[in-house]
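Participant: My structure file input.cif, mmCIF, C-alpha atoms and all ligand atoms, is below:
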```
data_final
#
loop_
_atom_site.label_atom_id
_atom_site.label_comp_id
_atom_site.auth_asym_id
_atom_site.auth_seq_id
_atom_site.Cartn_x
_atom_site.Cartn_y
_atom_site.Cartn_z
CA MET A 1 -9.35 16.46 -6.77
CA LYS A 2 -8.83 15.28 -10.33
CA ASN A 3 -10.60 11.92 -10.32
CA ALA A 4 -7.89 9.78 -11.83
CA SER A 5 -4.83 11.39 -10.24
CA PRO A 6 -3.38 10.65 -6.81
CA SER A 7 -3.15 13.62 -4.46
CA LEU A 8 -0.05 15.72 -5.09
CA THR A 9 -0.70 17.71 -1.92
CA ALA A 10 -0.44 14.45 0.02
CA LEU A 11 3.06 14.00 -1.41
CA ARG A 12 4.01 17.59 -0.63
CA VAL A 13 2.96 17.48 3.01
CA ALA A 14 4.67 14.11 3.43
CA MET A 15 7.86 15.66 2.01
CA ARG A 16 7.69 18.40 4.64
CA ARG A 17 7.28 15.85 7.44
CA ALA A 18 10.33 14.07 6.00
CA ALA A 19 12.24 17.37 5.84
CA HIS A 20 11.48 17.83 9.55
CA GLN A 21 13.27 14.53 10.32
CA LEU A 22 16.28 15.60 8.24
CA TYR A 23 16.75 19.31 8.83
CA ASP A 24 15.14 20.53 12.06
CA ALA A 25 17.10 20.56 15.31
CA PRO A 26 16.40 17.94 17.96
CA PRO A 27 14.16 17.38 19.77
CA LEU A 28 11.83 16.71 16.85
CA VAL A 29 8.25 17.83 17.33
CA PHE A 30 6.96 14.91 15.28
CA ASN A 31 9.22 11.90 15.36
CA ASP A 32 8.48 9.70 12.35
CA PRO A 33 11.26 7.20 11.60
CA ILE A 34 9.64 6.11 8.32
CA ALA A 35 8.64 9.55 7.01
CA ILE A 36 11.51 9.41 4.51
CA GLN A 37 11.21 5.73 3.60
CA ILE A 38 7.55 6.04 2.63
CA LEU A 39 8.43 8.62 -0.03
CA GLY A 40 10.24 5.93 -2.01
CA PRO A 41 11.66 7.46 -5.19
CA HIS A 42 10.37 10.92 -4.19
CA ALA A 43 12.76 11.12 -1.21
CA VAL A 44 15.46 12.60 -3.45
CA GLU A 45 13.24 15.63 -4.05
CA ILE A 46 13.17 16.77 -0.39
CA GLU A 47 16.30 18.88 -0.40
CA ARG A 48 15.70 20.49 -3.79
CA THR A 49 12.89 22.74 -2.61
CA PRO A 50 13.93 26.06 -1.05
CA GLY A 51 12.65 26.59 2.47
CA ARG A 52 12.79 22.90 3.35
CA ASN A 53 16.55 22.83 3.73
CA PRO A 54 17.94 25.52 6.04
CA ALA A 55 21.09 25.55 3.92
CA ASN A 56 18.94 27.27 1.29
CA LYS A 57 17.55 30.80 1.57
CA PRO A 58 15.24 30.99 4.64
CA ARG A 59 11.57 31.49 3.77
CA PRO A 60 9.61 32.18 6.96
CA PHE A 61 6.20 31.17 5.57
CA SER A 62 7.65 27.92 4.25
CA VAL A 63 9.22 27.14 7.63
CA SER A 64 5.92 28.10 9.28
CA LEU A 65 4.00 25.74 7.00
CA ARG A 66 6.34 22.88 7.92
CA ALA A 67 5.84 23.76 11.60
CA PHE A 68 2.07 23.67 11.12
CA LEU A 69 2.19 20.30 9.38
CA VAL A 70 4.33 18.61 12.01
CA ALA A 71 2.35 20.21 14.85
CA ARG A 72 -0.98 18.95 13.51
CA SER A 73 0.35 15.38 13.19
CA ARG A 74 1.86 15.51 16.68
CA TYR A 75 -1.36 16.97 18.11
CA ALA A 76 -3.43 14.25 16.46
CA GLU A 77 -1.26 11.45 17.82
CA ASP A 78 -1.14 13.02 21.32
CA LEU A 79 -4.94 13.11 21.37
CA LEU A 80 -5.17 9.62 19.90
CA ALA A 81 -3.15 8.43 22.93
CA ASP A 82 -5.70 10.12 25.23
CA ALA A 83 -8.58 8.57 23.28
CA PHE A 84 -7.01 5.11 23.34
CA HIS A 85 -6.36 5.24 27.09
CA GLY A 86 -9.95 6.48 27.49
CA GLY A 87 -11.33 3.41 25.70
CA ALA A 88 -11.25 4.15 21.95
CA THR A 89 -10.61 0.97 19.98
CA GLN A 90 -10.56 2.35 16.43
CA TYR A 91 -8.55 5.08 14.70
CA VAL A 92 -9.84 6.41 11.39
CA LEU A 93 -7.54 8.53 9.23
CA LEU A 94 -9.78 10.48 6.88
CA GLY A 95 -7.83 11.48 3.76
CA ALA A 96 -4.83 9.54 5.09
CA GLY A 97 -2.41 10.50 2.31
CA LEU A 98 1.09 9.23 3.13
CA ASP A 99 0.50 9.22 6.89
CA THR A 100 2.66 6.47 8.45
CA PHE A 101 0.89 5.97 11.79
CA ALA A 102 -0.42 2.52 10.85
CA HIS A 103 3.17 1.36 10.44
CA ARG A 104 4.26 2.82 13.78
CA ASN A 105 1.14 1.93 15.78
CA PRO A 106 2.21 1.32 19.40
CA TYR A 107 -1.24 0.01 20.43
CA PRO A 108 -1.63 -3.65 19.34
CA SER A 109 -5.38 -3.68 20.09
CA LEU A 110 -6.17 -0.49 18.11
CA ARG A 111 -7.80 -1.05 14.72
CA VAL A 112 -6.73 1.47 12.10
CA PHE A 113 -8.83 2.45 9.07
CA GLU A 114 -7.18 4.50 6.37
CA VAL A 115 -9.83 6.27 4.32
CA ASP A 116 -8.71 8.07 1.20
CA HIS A 117 -9.78 9.08 -2.26
CA PRO A 118 -9.91 6.11 -4.65
CA ALA A 119 -7.23 7.79 -6.79
CA THR A 120 -4.81 8.34 -3.91
CA GLN A 121 -5.02 5.09 -1.96
CA PRO A 122 -3.77 2.68 -4.67
CA TRP A 123 -0.83 5.06 -5.28
CA LYS A 124 0.10 4.93 -1.59
CA ARG A 125 -0.18 1.14 -1.56
CA GLU A 126 2.06 0.94 -4.62
CA LEU A 127 4.62 3.21 -2.89
CA LEU A 128 4.48 0.93 0.17
CA ARG A 129 5.14 -2.10 -2.04
CA GLU A 130 8.09 -0.32 -3.67
CA THR A 131 9.58 0.66 -0.33
CA GLY A 132 9.05 -2.76 1.28
CA LEU A 133 6.75 -1.44 4.04
CA LYS A 134 4.19 -4.17 4.76
CA ALA A 135 0.60 -3.43 5.78
CA PRO A 136 0.12 -4.39 9.45
CA PRO A 137 -2.70 -6.89 10.22
CA ASN A 138 -4.89 -4.39 12.11
CA LEU A 139 -4.97 -1.89 9.21
CA THR A 140 -7.93 -1.72 6.81
CA TYR A 141 -7.93 0.43 3.66
CA VAL A 142 -11.24 2.07 2.72
CA PRO A 143 -11.35 3.97 -0.57
CA VAL A 144 -13.94 6.76 -0.33
CA ASP A 145 -14.57 9.97 -2.24
CA PHE A 146 -16.24 12.21 0.37
CA GLU A 147 -18.01 14.09 -2.41
CA GLN A 148 -19.53 11.03 -4.07
CA GLN A 149 -19.89 8.29 -1.45
CA LEU A 150 -21.25 7.89 2.06
CA LEU A 151 -18.42 7.41 4.51
CA ALA A 152 -20.68 5.46 6.89
CA ASP A 153 -21.60 2.88 4.23
CA GLU A 154 -18.04 2.32 3.05
CA LEU A 155 -16.64 2.03 6.58
CA HIS A 156 -19.44 -0.36 7.55
CA ALA A 157 -18.71 -2.56 4.52
CA ALA A 158 -15.04 -2.62 5.58
CA GLY A 159 -15.85 -4.01 9.04
CA PHE A 160 -15.85 -0.75 11.02
CA ASN A 161 -17.87 -0.84 14.26
CA ALA A 162 -19.87 2.40 14.68
CA ALA A 163 -20.92 1.38 18.21
CA THR A 164 -17.45 1.61 19.77
CA PRO A 165 -15.54 4.78 20.75
CA THR A 166 -13.42 5.88 17.80
CA PHE A 167 -10.90 8.63 17.18
CA PHE A 168 -10.83 10.38 13.80
CA ALA A 169 -7.97 12.38 12.29
CA TRP A 170 -8.85 14.52 9.30
CA LEU A 171 -5.63 16.36 8.59
CA GLY A 172 -5.15 18.60 5.59
CA VAL A 173 -8.45 17.63 3.99
CA VAL A 174 -11.18 20.07 5.05
CA PRO A 175 -10.08 23.00 2.80
CA TYR A 176 -10.55 20.77 -0.28
CA LEU A 177 -14.13 19.74 0.52
CA SER A 178 -17.57 21.12 -0.20
CA LEU A 179 -19.53 22.35 2.83
CA LYS A 180 -21.98 19.47 2.26
CA ALA A 181 -19.28 16.78 2.40
CA PHE A 182 -17.70 18.46 5.45
CA ARG A 183 -21.00 18.52 7.34
CA GLU A 184 -21.98 14.96 6.40
CA THR A 185 -18.67 13.67 7.74
CA LEU A 186 -18.93 15.70 10.97
CA ASN A 187 -22.49 14.46 11.52
CA PHE A 188 -21.28 10.89 11.10
CA ILE A 189 -18.50 11.42 13.66
CA ALA A 190 -20.81 13.19 16.12
CA ALA A 191 -23.12 10.15 16.15
CA HIS A 192 -20.42 7.94 17.72
CA PRO A 193 -20.43 6.89 21.38
CA ARG A 194 -19.00 9.08 24.15
CA GLY A 195 -15.21 8.88 24.20
CA SER A 196 -15.04 9.39 20.43
CA GLY A 197 -13.30 12.45 19.05
CA VAL A 198 -11.97 14.18 15.99
CA VAL A 199 -9.02 16.38 15.12
CA PHE A 200 -8.76 18.44 11.95
CA ASP A 201 -7.18 21.62 10.73
CA TYR A 202 -8.75 24.49 8.87
CA GLY A 203 -7.79 27.79 7.29
CA GLN A 204 -9.24 31.20 8.01
CA PRO A 205 -10.83 33.05 5.08
CA ARG A 206 -8.44 35.30 3.12
CA ALA A 207 -10.54 38.38 3.93
CA VAL A 208 -9.84 38.17 7.67
CA LEU A 209 -6.05 37.85 7.20
CA PRO A 210 -3.66 40.82 7.38
CA LEU A 211 -2.24 41.95 4.02
CA HIS A 212 1.14 40.17 4.19
CA GLU A 213 -0.63 36.94 5.11
CA GLN A 214 -3.02 37.41 2.21
CA GLN A 215 0.00 37.41 -0.10
CA ALA A 216 1.32 34.21 1.50
CA ARG A 217 -2.16 32.68 1.16
CA ASP A 218 -2.35 33.69 -2.52
CA SER A 219 0.98 32.06 -3.19
CA LEU A 220 -0.08 28.83 -1.42
CA THR A 221 -3.47 28.87 -3.17
CA ALA A 222 -1.76 29.18 -6.56
CA ARG A 223 0.66 26.32 -5.79
CA VAL A 224 -2.18 24.09 -4.61
CA HIS A 225 -4.36 25.03 -7.59
CA VAL A 226 -1.83 23.70 -10.11
CA THR A 227 -2.06 20.28 -8.41
CA GLY A 228 -5.77 20.19 -9.34
CA GLU A 229 -6.78 20.24 -5.63
CA SER A 230 -8.09 23.76 -5.16
CA PHE A 231 -8.97 25.24 -1.77
CA LYS A 232 -12.72 25.64 -1.32
CA LEU A 233 -13.63 25.78 2.33
CA PHE A 234 -12.49 28.23 5.00
CA PHE A 235 -13.88 29.12 8.42
CA THR A 236 -13.40 31.67 11.16
CA PRO A 237 -13.15 30.29 14.73
CA PRO A 238 -16.76 31.30 15.57
CA GLN A 239 -17.96 29.55 12.40
CA ILE A 240 -16.07 26.38 13.35
CA ALA A 241 -17.53 26.50 16.85
CA ALA A 242 -21.00 26.65 15.29
CA GLU A 243 -20.23 23.70 12.98
CA LEU A 244 -19.10 21.68 16.01
CA ALA A 245 -22.10 22.54 18.21
CA ALA A 246 -23.08 18.87 18.49
CA PHE A 247 -19.81 18.01 20.25
CA ARG A 248 -19.30 18.12 24.02
CA THR A 249 -15.89 19.82 24.20
CA LEU A 250 -13.84 21.76 21.75
CA GLU A 251 -10.26 23.02 21.53
CA ASP A 252 -9.33 25.39 18.70
CA ILE A 253 -5.69 26.51 18.62
CA GLY A 254 -3.80 28.97 16.44
CA SER A 255 -0.16 30.04 16.18
CA PRO A 256 0.31 31.41 19.74
CA GLU A 257 -1.02 28.26 21.40
CA ILE A 258 0.69 25.93 18.91
CA ASN A 259 4.05 27.71 19.35
CA ALA A 260 3.75 27.65 23.15
CA ARG A 261 2.83 23.97 23.17
CA PHE A 262 5.21 22.55 20.56
CA PHE A 263 7.90 25.07 19.59
CA ALA A 264 8.97 26.77 22.84
CA ASN A 265 12.71 26.99 23.63
CA ARG A 266 13.89 25.63 20.30
CA THR A 267 17.42 26.26 19.08
CA ASP A 268 16.23 26.63 15.47
CA SER A 269 13.64 28.91 13.87
CA LEU A 270 10.92 26.27 13.56
CA GLN A 271 7.67 27.90 14.62
CA MET A 272 4.39 29.13 13.19
CA ILE A 273 3.80 32.70 12.08
CA GLY A 274 0.56 34.35 11.11
CA SER A 275 -3.04 33.45 11.79
CA ALA A 276 -4.09 31.53 8.68
CA GLY A 277 -3.95 27.93 9.93
CA ARG A 278 -5.68 26.47 12.98
CA ILE A 279 -6.07 23.04 14.52
CA VAL A 280 -9.24 21.92 16.25
CA SER A 281 -10.30 18.91 18.28
CA ALA A 282 -13.74 17.97 19.52
CA TRP A 283 -15.09 15.18 21.67
CA VAL A 284 -18.44 13.44 21.54
C1 LIG B 1 -3.04 17.51 1.82
S1 LIG B 1 -3.38 15.81 1.70
C2 LIG B 1 -3.31 15.36 3.44
C3 LIG B 1 -2.94 13.91 3.63
C4 LIG B 1 -2.73 13.44 5.06
N1 LIG B 1 -3.91 13.59 5.86
C5 LIG B 1 -1.56 14.15 5.68
O1 LIG B 1 -1.76 14.97 6.58
O2 LIG B 1 -0.45 13.86 5.28
C6 LIG B 1 -5.12 15.78 1.32
C7 LIG B 1 -5.72 14.38 1.34
O3 LIG B 1 -7.14 14.52 1.20
C8 LIG B 1 -7.59 13.55 0.30
N2 LIG B 1 -8.83 14.05 -0.32
C9 LIG B 1 -9.05 15.24 -0.91
N3 LIG B 1 -10.31 15.30 -1.39
C10 LIG B 1 -10.90 14.13 -1.07
C11 LIG B 1 -12.20 13.57 -1.27
N4 LIG B 1 -13.15 14.26 -1.93
N5 LIG B 1 -12.44 12.33 -0.84
C12 LIG B 1 -11.48 11.63 -0.18
N6 LIG B 1 -10.24 12.09 0.06
C13 LIG B 1 -9.96 13.33 -0.38
C14 LIG B 1 -6.45 13.39 -0.70
O4 LIG B 1 -6.53 12.15 -1.40
C15 LIG B 1 -5.24 13.48 0.21
O5 LIG B 1 -4.87 12.23 0.72
#
```
Please lay out the structure from this file as structure tokens.
Facilitator:
Amino acid sequence: MKNASPSLTALRVAMRRAAHQLYDAPPLVFNDPIAIQILGPHAVEIERTPGRNPANKPRPFSVSLRAFLVARSRYAEDLLADAFHGGATQYVLLGAGLDTFAHRNPYPSLRVFEVDHPATQPWKRELLRETGLKAPPNLTYVPVDFEQQLLADELHAAGFNAATPTFFAWLGVVPYLSLKAFRETLNFIAAHPRGSGVVFDYGQPRAVLPLHEQQARDSLTARVHVTGESFKLFFTPPQIAAELAAFRTLEDIGSPEINARFFANRTDSLQMIGSAGRIVSAWV
């Protein structure tokens, strides 16, 4: 990330979650009543981008990307519910971006920590002020650059309790990290008590993708690159399994499983195609 600039990719993924509320057929896969409100002045931009509005020319990879983004948020919140009912008392959003969970939190006793890059978090808080969304009392903001700071130290200073079961969501962040920062964060999560867990998504390396998916990847890579947040880190499923060896259980799902779980029997074309993006969860 460019040090002084808030994350543009955070805005773009939030716009696609908002587009889901506006344009996809019911039932919504990820129901987020404030996904549009949190965009503030950016909300007017949603319908201008082709592929987000079905009235525009259909672009299957764009629809697939929106499907992936809403599926990963839904998956994370489904597993958070399991973690909470299993005893987790803290939810940490790593690279929170414009995620709205803290403002929709149905669990009054759950503490929420939003961790994000020091350039992105103040921008989100300013957007919240502009839109009139107030920070709930059980939310704590923790500015951290995973490449420069130790997550454990910053969370500890913010009142986080490392001795209690905690669920971590790390959505849309891993591809932007160095391997060192990725591993340090995973090691920190793996050291939590039983009942703790993590969900994140990752991309497969370009070389293992079929040709037409390589072209879609190149196009996405180029669009992301101009934001100053270049992709760096990719894994194959066996590589991810090796990275997560310290965890007790692991689920790693790609398009077939994601479509079967979240997009079956839809009346619209919302579903994932291709094999590039995967979602993984692991439990301590
Ligand atoms: C694509 S956005 C995803 C945001 C959010 N998780 C979501 O799904 O809407 C990437 C997020 O990662 C954060 N990020 C990227 N590099 C980071 C770093 N080195 N340290 C902390 N946060 C980082 C950005 O600030 C941004 O919020």
Participant: Can you work out the spacing between atom CA of A:Pro143 and atom CA of A:Phe168 in Å, to one decimal?
Facilitator: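 Pair atom CA of A:Pro143 / atom CA of A:Phe168 returns 15.7 Å.
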Participant: Produce a table with one row for each residue of chain A that has an atom at most 9 Å from any atom of ligand LIG 1 (chain B), each row naming the nearest atom pair and its distance in Å at one decimal; use all atoms listed in the file; arrange rows by chain and rising residue number; format as CSV.
Facilitator:
```
residue,atom,partner,partner_atom,distance
A:Met1,CA,B:LIG1,N3,5.6
A:Pro6,CA,B:LIG1,O4,6.4
A:Ser7,CA,B:LIG1,O4,4.8
A:Leu8,CA,B:LIG1,S1,7.6
A:Thr9,CA,B:LIG1,C1,4.4
A:Ala10,CA,B:LIG1,S1,3.6
A:Leu11,CA,B:LIG1,S1,7.4
A:Arg12,CA,B:LIG1,C1,7.5
A:Val13,CA,B:LIG1,O2,5.5
A:Ala14,CA,B:LIG1,O2,5.4
A:Arg17,CA,B:LIG1,O2,8.3
A:Leu69,CA,B:LIG1,O1,7.2
A:Val70,CA,B:LIG1,O1,8.9
A:Arg72,CA,B:LIG1,O1,8.0
A:Ser73,CA,B:LIG1,O1,7.0
A:Leu93,CA,B:LIG1,N1,7.1
A:Leu94,CA,B:LIG1,N1,6.7
A:Gly95,CA,B:LIG1,O3,4.0
A:Ala96,CA,B:LIG1,N1,4.2
A:Gly97,CA,B:LIG1,O5,3.4
A:Leu98,CA,B:LIG1,O2,5.3
A:Asp99,CA,B:LIG1,O2,5.0
A:Thr100,CA,B:LIG1,O2,8.6
A:Val115,CA,B:LIG1,C12,7.2
A:Asp116,CA,B:LIG1,N6,4.4
A:His117,CA,B:LIG1,C12,3.7
A:Pro118,CA,B:LIG1,C12,7.3
A:Ala119,CA,B:LIG1,O4,7.0
A:Thr120,CA,B:LIG1,O4,4.9
A:Gln121,CA,B:LIG1,O4,7.2
A:Pro143,CA,B:LIG1,C12,7.7
A:Val144,CA,B:LIG1,C12,5.5
A:Asp145,CA,B:LIG1,N5,3.5
A:Phe146,CA,B:LIG1,N5,4.0
A:Glu147,CA,B:LIG1,N4,4.9
A:Gln148,CA,B:LIG1,N4,7.5
A:Gln149,CA,B:LIG1,N5,8.5
A:Ala169,CA,B:LIG1,N1,7.7
A:Trp170,CA,B:LIG1,N1,6.1
A:Leu171,CA,B:LIG1,N1,4.3
A:Gly172,CA,B:LIG1,C2,4.3
A:Val173,CA,B:LIG1,O3,4.4
A:Val174,CA,B:LIG1,O3,7.9
A:Pro175,CA,B:LIG1,C9,8.7
A:Tyr176,CA,B:LIG1,N3,5.6
A:Leu177,CA,B:LIG1,N4,6.1
A:Ser178,CA,B:LIG1,N4,8.3
A:Ala181,CA,B:LIG1,N4,7.9
A:Glu229,CA,B:LIG1,C9,7.2
```
Participant: Using all atoms listed in the file, which residues sit within 7 Å of A:Ala276 once same-chain residues fewer than 2 positions away are excluded, as a compact mmCIF listing (two decimals) with C-alpha atoms, in the frame of the given file?
Facilitator:
```txt
# COMPACT_ATOMS: atom_id res chain seq x y z
CA GLY A 203 -7.79 27.79 7.29
CA GLN A 204 -9.24 31.20 8.01
CA LEU A 209 -6.05 37.85 7.20
CA GLY A 274 0.56 34.35 11.11
CA ARG A 278 -5.68 26.47 12.98
```
Participant: So which residues are close to (8.3, 21.2, 7.0), meaning at most 7 Å away in the file's coordinates with only C-alpha atoms counted, and can you show them as a ChimeraX atom specification?
Facilitator: /A:16-17,19-20,52,63,65-67,69-70
Participant: Atom CA of A:Ser219 and atom CA of A:Val280 are how many Å apart?
Facilitator: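 Separation between atom CA of A:Ser219 and atom CA of A:Val280: 24.2 Å.
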Participant: Restricting the calculation to only C-alpha atoms, which member of A:Asn138, A:Ser275, A:Thr249, A:Gln214 is positioned closest to A:Phe101?
Facilitator: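 Answer, going by the shortest atom-to-atom distance: A:Asn138.
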Participant: For a cutoff of 10 Å around the file-coordinate point (-15.6, 25.1, 17.5), which residues qualify once you count all atoms listed in the file? I'd like the result as an MDAnalysis selection string.
Facilitator: chainID A and resid 236:247 249:252 280:282
Participant: Looking at all atoms listed in the file, which of A:Gln90, A:Asn105, A:Ser64, A:Thr140 is the one that sits closest to A:Asp32?
Facilitator: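 When distances to A:Asp32 are compared using all atoms listed in the file, the smallest one comes from A:Asn105.
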Participant: Quote the spacing between atom CA of A:Ala190 and atom CA of A:Val112 in Å to one decimal place.
Facilitator: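 Atom CA of A:Ala190 sits 18.8 Å away from atom CA of A:Val112.
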